[in-house]
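Coordinates from work11.txt are shown below (compact mmCIF, C-alpha atoms).
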```txt
# COMPACT_ATOMS: atom_id res chain seq x y z
CA MET A 1 -10.53 6.14 13.26
CA LEU A 2 -8.96 3.52 11.00
CA LEU A 3 -5.35 4.70 11.32
CA THR A 4 -3.73 6.94 13.93
CA VAL A 5 -0.02 7.82 13.80
CA GLN A 6 1.31 9.77 16.80
CA ASP A 7 4.75 11.35 17.20
CA ILE A 8 6.62 8.77 15.11
CA HIS A 9 10.43 8.93 15.13
CA LYS A 10 12.84 6.72 13.21
CA THR A 11 16.64 6.90 13.11
CA TYR A 12 19.00 4.76 11.05
CA THR A 13 22.70 4.20 11.68
CA THR A 14 24.86 5.19 8.71
CA ALA A 15 28.58 5.35 8.02
CA ASP A 16 28.38 9.08 8.84
CA GLY A 17 26.54 8.51 12.11
CA PRO A 18 22.85 8.48 13.12
CA PHE A 19 20.37 9.75 10.50
CA GLU A 20 16.92 10.74 11.79
CA VAL A 21 14.56 9.94 8.93
CA LEU A 22 11.29 10.75 10.74
CA ARG A 23 11.07 13.44 13.39
CA GLY A 24 7.67 13.41 15.05
CA ILE A 25 5.04 12.50 12.44
CA ASP A 26 1.32 12.69 13.20
CA LEU A 27 -1.46 11.68 10.81
CA SER A 28 -4.86 10.04 10.81
CA LEU A 29 -6.97 8.29 8.21
CA ASP A 30 -10.57 7.17 8.38
CA ALA A 31 -12.32 4.36 6.52
CA GLY A 32 -13.23 5.40 2.98
CA GLU A 33 -10.72 8.27 3.03
CA THR A 34 -7.77 8.66 0.64
CA LEU A 35 -4.54 10.43 1.57
CA ALA A 36 -1.55 11.28 -0.64
CA LEU A 37 1.86 11.37 1.03
CA THR A 38 4.21 13.61 -0.93
CA GLY A 39 7.72 14.98 -0.49
CA GLU A 40 11.20 14.96 -1.97
CA SER A 41 13.27 11.78 -2.13
CA GLY A 42 14.69 11.10 1.32
CA SER A 43 11.92 12.97 3.14
CA GLY A 44 10.78 9.78 4.88
CA LYS A 45 7.66 8.84 2.89
CA SER A 46 8.50 5.21 2.20
CA THR A 47 9.94 4.75 5.68
CA LEU A 48 6.67 5.94 7.20
CA LEU A 49 4.66 3.63 4.96
CA HIS A 50 6.85 0.67 5.94
CA LEU A 51 6.38 1.47 9.63
CA ILE A 52 2.60 1.64 9.23
CA GLY A 53 2.67 -1.66 7.36
CA GLY A 54 4.65 -3.31 10.14
CA LEU A 55 7.64 -3.93 7.86
CA ASP A 56 9.87 -1.99 10.27
CA THR A 57 9.51 -0.67 13.81
CA ALA A 58 9.52 2.92 15.04
CA ASP A 59 11.95 4.19 17.67
CA HIS A 60 9.26 6.27 19.36
CA GLY A 61 5.56 6.96 18.98
CA GLN A 62 2.40 4.98 18.29
CA ILE A 63 0.79 3.49 15.19
CA ILE A 64 -2.75 2.29 15.84
CA ILE A 65 -4.68 0.40 13.15
CA SER A 66 -8.31 -0.52 13.83
CA GLY A 67 -7.69 -0.09 17.55
CA THR A 68 -4.51 -2.21 17.63
CA ASP A 69 -1.17 -0.68 18.57
CA ILE A 70 1.12 -2.51 16.15
CA ALA A 71 4.07 -2.14 18.56
CA THR A 72 2.34 -4.78 20.70
CA LEU A 73 2.48 -7.34 17.86
CA ASP A 74 5.30 -9.80 17.26
CA ASP A 75 6.54 -10.70 13.77
CA ASN A 76 3.75 -13.23 13.28
CA GLY A 77 1.15 -10.72 14.43
CA ARG A 78 2.40 -8.08 12.02
CA ALA A 79 2.46 -10.61 9.19
CA ALA A 80 -1.14 -11.57 10.01
CA LEU A 81 -2.07 -7.87 9.96
CA ARG A 82 -0.61 -7.53 6.44
CA ARG A 83 -2.42 -10.64 5.23
CA GLY A 84 -5.86 -9.41 6.18
CA THR A 85 -6.32 -5.93 7.65
CA VAL A 86 -3.56 -4.05 5.79
CA GLY A 87 -2.80 -4.45 2.08
CA VAL A 88 0.48 -3.14 0.65
CA VAL A 89 1.16 -2.27 -3.01
CA PHE A 90 4.82 -1.72 -3.84
CA GLN A 91 6.39 -0.01 -6.85
CA GLN A 92 8.05 -3.36 -7.54
CA PHE A 93 5.30 -5.79 -8.44
CA ASN A 94 6.61 -8.70 -6.28
CA LEU A 95 4.52 -11.23 -8.16
CA ILE A 96 5.31 -14.93 -7.79
CA PRO A 97 6.81 -15.96 -11.15
CA SER A 98 5.86 -19.64 -10.80
CA LEU A 99 2.16 -18.85 -10.30
CA LYS A 100 -0.30 -17.93 -13.02
CA VAL A 101 -2.13 -14.61 -12.82
CA ALA A 102 -5.26 -16.15 -11.28
CA ASP A 103 -3.22 -17.72 -8.48
CA ASN A 104 -1.19 -14.56 -7.91
CA ILE A 105 -4.43 -12.60 -7.45
CA ALA A 106 -5.77 -15.20 -4.99
CA PHE A 107 -2.49 -15.71 -3.12
CA GLN A 108 -2.87 -13.06 -0.39
CA ALA A 109 -6.52 -13.83 0.24
CA ARG A 110 -5.80 -17.54 0.57
CA LEU A 111 -3.06 -16.84 3.11
CA ALA A 112 -5.54 -14.75 5.09
CA GLY A 113 -8.24 -17.45 4.85
CA GLN A 114 -10.43 -14.92 3.03
CA HIS A 115 -10.41 -16.16 -0.55
CA ASP A 116 -13.64 -15.27 -2.33
CA PRO A 117 -13.60 -16.65 -5.91
CA ALA A 118 -16.42 -14.35 -7.01
CA TRP A 119 -14.63 -11.24 -5.70
CA ALA A 120 -11.32 -12.37 -7.28
CA ALA A 121 -13.13 -12.78 -10.61
CA THR A 122 -14.66 -9.32 -10.23
CA LEU A 123 -11.25 -7.79 -9.54
CA ALA A 124 -9.75 -9.53 -12.57
CA ASP A 125 -12.60 -8.30 -14.75
CA ARG A 126 -12.44 -4.71 -13.51
CA MET A 127 -8.67 -4.66 -13.93
CA GLY A 128 -8.99 -5.96 -17.48
CA LEU A 129 -7.10 -9.13 -16.56
CA THR A 130 -9.61 -11.86 -17.35
CA PRO A 131 -7.90 -12.79 -20.65
CA GLN A 132 -4.56 -13.00 -18.81
CA LEU A 133 -5.59 -15.30 -15.94
CA GLY A 134 -3.87 -18.36 -17.41
CA LYS A 135 -0.60 -16.55 -18.13
CA TYR A 136 2.53 -16.17 -16.01
CA PRO A 137 3.78 -12.74 -14.83
CA GLU A 138 6.69 -12.72 -17.32
CA GLN A 139 4.16 -12.85 -20.16
CA LEU A 140 2.54 -9.58 -19.07
CA SER A 141 3.36 -5.94 -19.66
CA GLY A 142 4.44 -3.72 -16.74
CA GLY A 143 0.98 -2.16 -16.56
CA GLN A 144 -0.69 -5.56 -16.47
CA GLN A 145 1.67 -6.79 -13.76
CA GLN A 146 0.89 -3.77 -11.61
CA ARG A 147 -2.83 -4.37 -12.04
CA VAL A 148 -2.29 -7.96 -10.88
CA ALA A 149 -0.40 -6.66 -7.83
CA ILE A 150 -3.23 -4.26 -6.99
CA ALA A 151 -5.87 -6.97 -7.48
CA ARG A 152 -3.88 -9.29 -5.19
CA THR A 153 -3.78 -6.57 -2.51
CA LEU A 154 -7.52 -5.92 -2.73
CA ALA A 155 -8.55 -9.60 -2.89
CA PRO A 156 -8.69 -10.06 0.95
CA LYS A 157 -10.69 -6.78 1.18
CA PRO A 158 -8.20 -5.06 3.52
CA ARG A 159 -9.45 -2.20 5.66
CA LEU A 160 -6.30 -0.16 4.97
CA VAL A 161 -4.42 -0.04 1.65
CA LEU A 162 -0.85 1.29 1.61
CA ALA A 163 0.57 2.07 -1.82
CA ASP A 164 4.22 3.05 -2.33
CA GLU A 165 4.55 4.76 -5.73
CA PRO A 166 2.14 2.17 -7.21
CA THR A 167 2.28 3.76 -10.67
CA GLY A 168 5.95 4.80 -10.62
CA ASN A 169 6.93 2.30 -13.34
CA LEU A 170 4.01 3.13 -15.61
CA ASP A 171 3.47 5.69 -18.34
CA GLU A 172 1.13 8.57 -17.55
CA ALA A 173 -1.91 7.17 -19.38
CA THR A 174 -1.60 3.71 -17.80
CA ALA A 175 -0.93 5.27 -14.38
CA SER A 176 -4.17 7.26 -14.61
CA ILE A 177 -6.17 4.14 -15.56
CA VAL A 178 -4.64 2.10 -12.74
CA LEU A 179 -5.36 4.84 -10.18
CA ASP A 180 -8.95 5.15 -11.44
CA LEU A 181 -9.46 1.45 -10.84
CA MET A 182 -7.75 1.54 -7.46
CA LEU A 183 -9.81 4.49 -6.18
CA GLU A 184 -13.00 2.90 -7.49
CA LEU A 185 -12.37 -0.46 -5.87
CA VAL A 186 -11.15 1.03 -2.58
CA SER A 187 -14.27 3.18 -2.46
CA GLU A 188 -16.50 0.16 -3.04
CA THR A 189 -14.87 -1.84 -0.23
CA GLY A 190 -14.87 1.12 2.18
CA ALA A 191 -11.12 0.85 2.77
CA GLY A 192 -8.79 3.73 3.58
CA LEU A 193 -5.98 4.44 1.10
CA LEU A 194 -2.60 5.98 1.94
CA MET A 195 -0.49 6.48 -1.19
CA VAL A 196 3.09 7.69 -1.53
CA THR A 197 3.51 9.54 -4.82
CA HIS A 198 5.77 12.07 -6.54
CA SER A 199 3.01 12.88 -9.02
CA GLU A 200 1.12 16.12 -8.44
CA ALA A 201 -1.63 14.90 -10.78
CA LEU A 202 -2.16 11.68 -8.80
CA ALA A 203 -1.91 13.46 -5.44
CA GLY A 204 -4.61 15.85 -6.60
CA ARG A 205 -6.99 12.93 -7.06
CA MET A 206 -6.89 12.01 -3.38
CA SER A 207 -9.23 13.48 -0.77
CA ARG A 208 -6.32 14.84 1.31
CA ARG A 209 -2.57 15.22 1.04
CA LEU A 210 0.29 15.42 3.52
CA HIS A 211 3.68 16.78 2.51
CA LEU A 212 6.86 15.64 4.26
CA ARG A 213 10.08 17.66 4.36
CA THR A 214 13.20 16.31 6.09
CA GLY A 215 11.19 13.90 8.20
CA GLN A 216 8.50 16.31 9.35
CA VAL A 217 5.08 17.41 8.14
CA ALA A 218 5.69 20.57 6.12
```
Starting from the file, lay out its structure as structure tokens.
Amino acid sequence: MLLTVQDIHKTYTTADGPFEVLRGIDLSLDAGETLALTGESGSGKSTLLHLIGGLDTADHGQIIISGTDIATLDDNGRAALRRGTVGVVFQQFNLIPSLKVADNIAFQARLAGQHDPAWAATLADRMGLTPQLGKYPEQLSGGQQQRVAIARTLAPKPRLVLADEPTGNLDEATASIVLDLMLELVSETGAGLLMVTHSEALAGRMSRRLHLRTGQVA
């Protein structure tokens, strides 16, 4: 099993007292499988994704990725996990404005010591970005920037791809194209994909779906 999440709890301190965002979440994901995580705003979807990506820590429970319990990793270990094994696509593109598109695509793979120029060129071509490789992010449309962000995530060939509303800033037609490309490329690399989405249409394209309500699986 690529990803196993067992009895995950997470509570945040607020001005009104403790707020339990996640209340005992279990899920699993195998290599090559795609899973949509749906639910109302505030149901805990993004929090769960951040915990799986090692961007935050759970209060209770286990998250095991490729046999590694991420609670046993320090900050450097979790960062290394995100550079190679786990790729994260955010709704915000988080591109580096001072780098051209080609270097943005290669950035994550270079950090992981897994830069493959031929694979980066393939990603750029499949994402329709080859003509944009010499441009800077500010010269691109929102849809193009998101395709760069997805290509950057896939460049190190991560085993697990986490996507938090990856098409939330895109129009419906562009969102469908971007998801097509993402599913195609994830399938070709054999990665697992866990995607947070509000879109019923996009969720319906995934092999499975999990719905959260008030921090629990509905």
Any idea what's packed within 7 Å of Leu29 in chain A, counting all atoms listed in the file, ignoring anything in its chain fewer than 3 positions away? Could you give it as a list in words? Met1, Leu2, Leu3, Thr4, Glu33 and Gly192 of chain A
Writing out the chosen residues with C-alpha atoms as a PDB file, in the frame of the given file:
```pdb
ATOM      1  CA  MET A   1     -10.530   6.140  13.260  1.00  0.00           C
ATOM      2  CA  LEU A   2      -8.960   3.520  11.000  1.00  0.00           C
ATOM      3  CA  LEU A   3      -5.350   4.700  11.320  1.00  0.00           C
ATOM      4  CA  THR A   4      -3.730   6.940  13.930  1.00  0.00           C
ATOM      5  CA  GLU A  33     -10.720   8.270   3.030  1.00  0.00           C
ATOM      6  CA  GLY A 192      -8.790   3.730   3.580  1.00  0.00           C
TER       7      GLY A 192
END
```
Leaving out Gln62 in chain A and any residue of its chain fewer than 2 positions from it, which residues lie within 12 Å of it when counting all atoms listed in the file, given as a list in words?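 So the residues in contact are Leu3, Thr4, Val5, Gln6, Asp7, Ile8, His9, Lys10, Gly24, Ile25, Asp26, Leu27, Ser28, Leu48, Leu51, Ile52, Gly54, Thr57, Ala58, Asp59, His60, Ile64, Ile65, Gly67, Thr68, Asp69, Ile70, Ala71 and Thr72 of chain A.
Those residues that approach range 107-121 of chain A to within 7 Å, counting all atoms listed in the file, are Arg83, Gly84, Asp103, Asp125, Arg152, Thr153, Ala155 and Pro156 of chain A; same-chain residues fewer than 4 positions away are not listed.
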Keeping only C-alpha atoms, write those residues as a PDB file, in the frame of the given file.
```
ATOM      1  CA  ARG A  83      -2.420 -10.640   5.230  1.00  0.00           C
ATOM      2  CA  GLY A  84      -5.860  -9.410   6.180  1.00  0.00           C
ATOM      3  CA  ASP A 103      -3.220 -17.720  -8.480  1.00  0.00           C
ATOM      4  CA  ASP A 125     -12.600  -8.300 -14.750  1.00  0.00           C
ATOM      5  CA  ARG A 152      -3.880  -9.290  -5.190  1.00  0.00           C
ATOM      6  CA  THR A 153      -3.780  -6.570  -2.510  1.00  0.00           C
ATOM      7  CA  ALA A 155      -8.550  -9.600  -2.890  1.00  0.00           C
ATOM      8  CA  PRO A 156      -8.690 -10.060   0.950  1.00  0.00           C
TER       9      PRO A 156
END
```
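Among the candidates A:Leu179, A:Phe93, A:Ser187, A:Asp74, the residue lying nearest to Asp56 in chain A is A:Asp74 (atoms considered: all atoms listed in the file).
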Using all atoms listed in the file, which of A:Val101, A:Leu193, A:Val186, A:Leu154 sits nearest Gln132 in chain A?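 Distance minimum relative to Gln132 in chain A lands on A:Val101.
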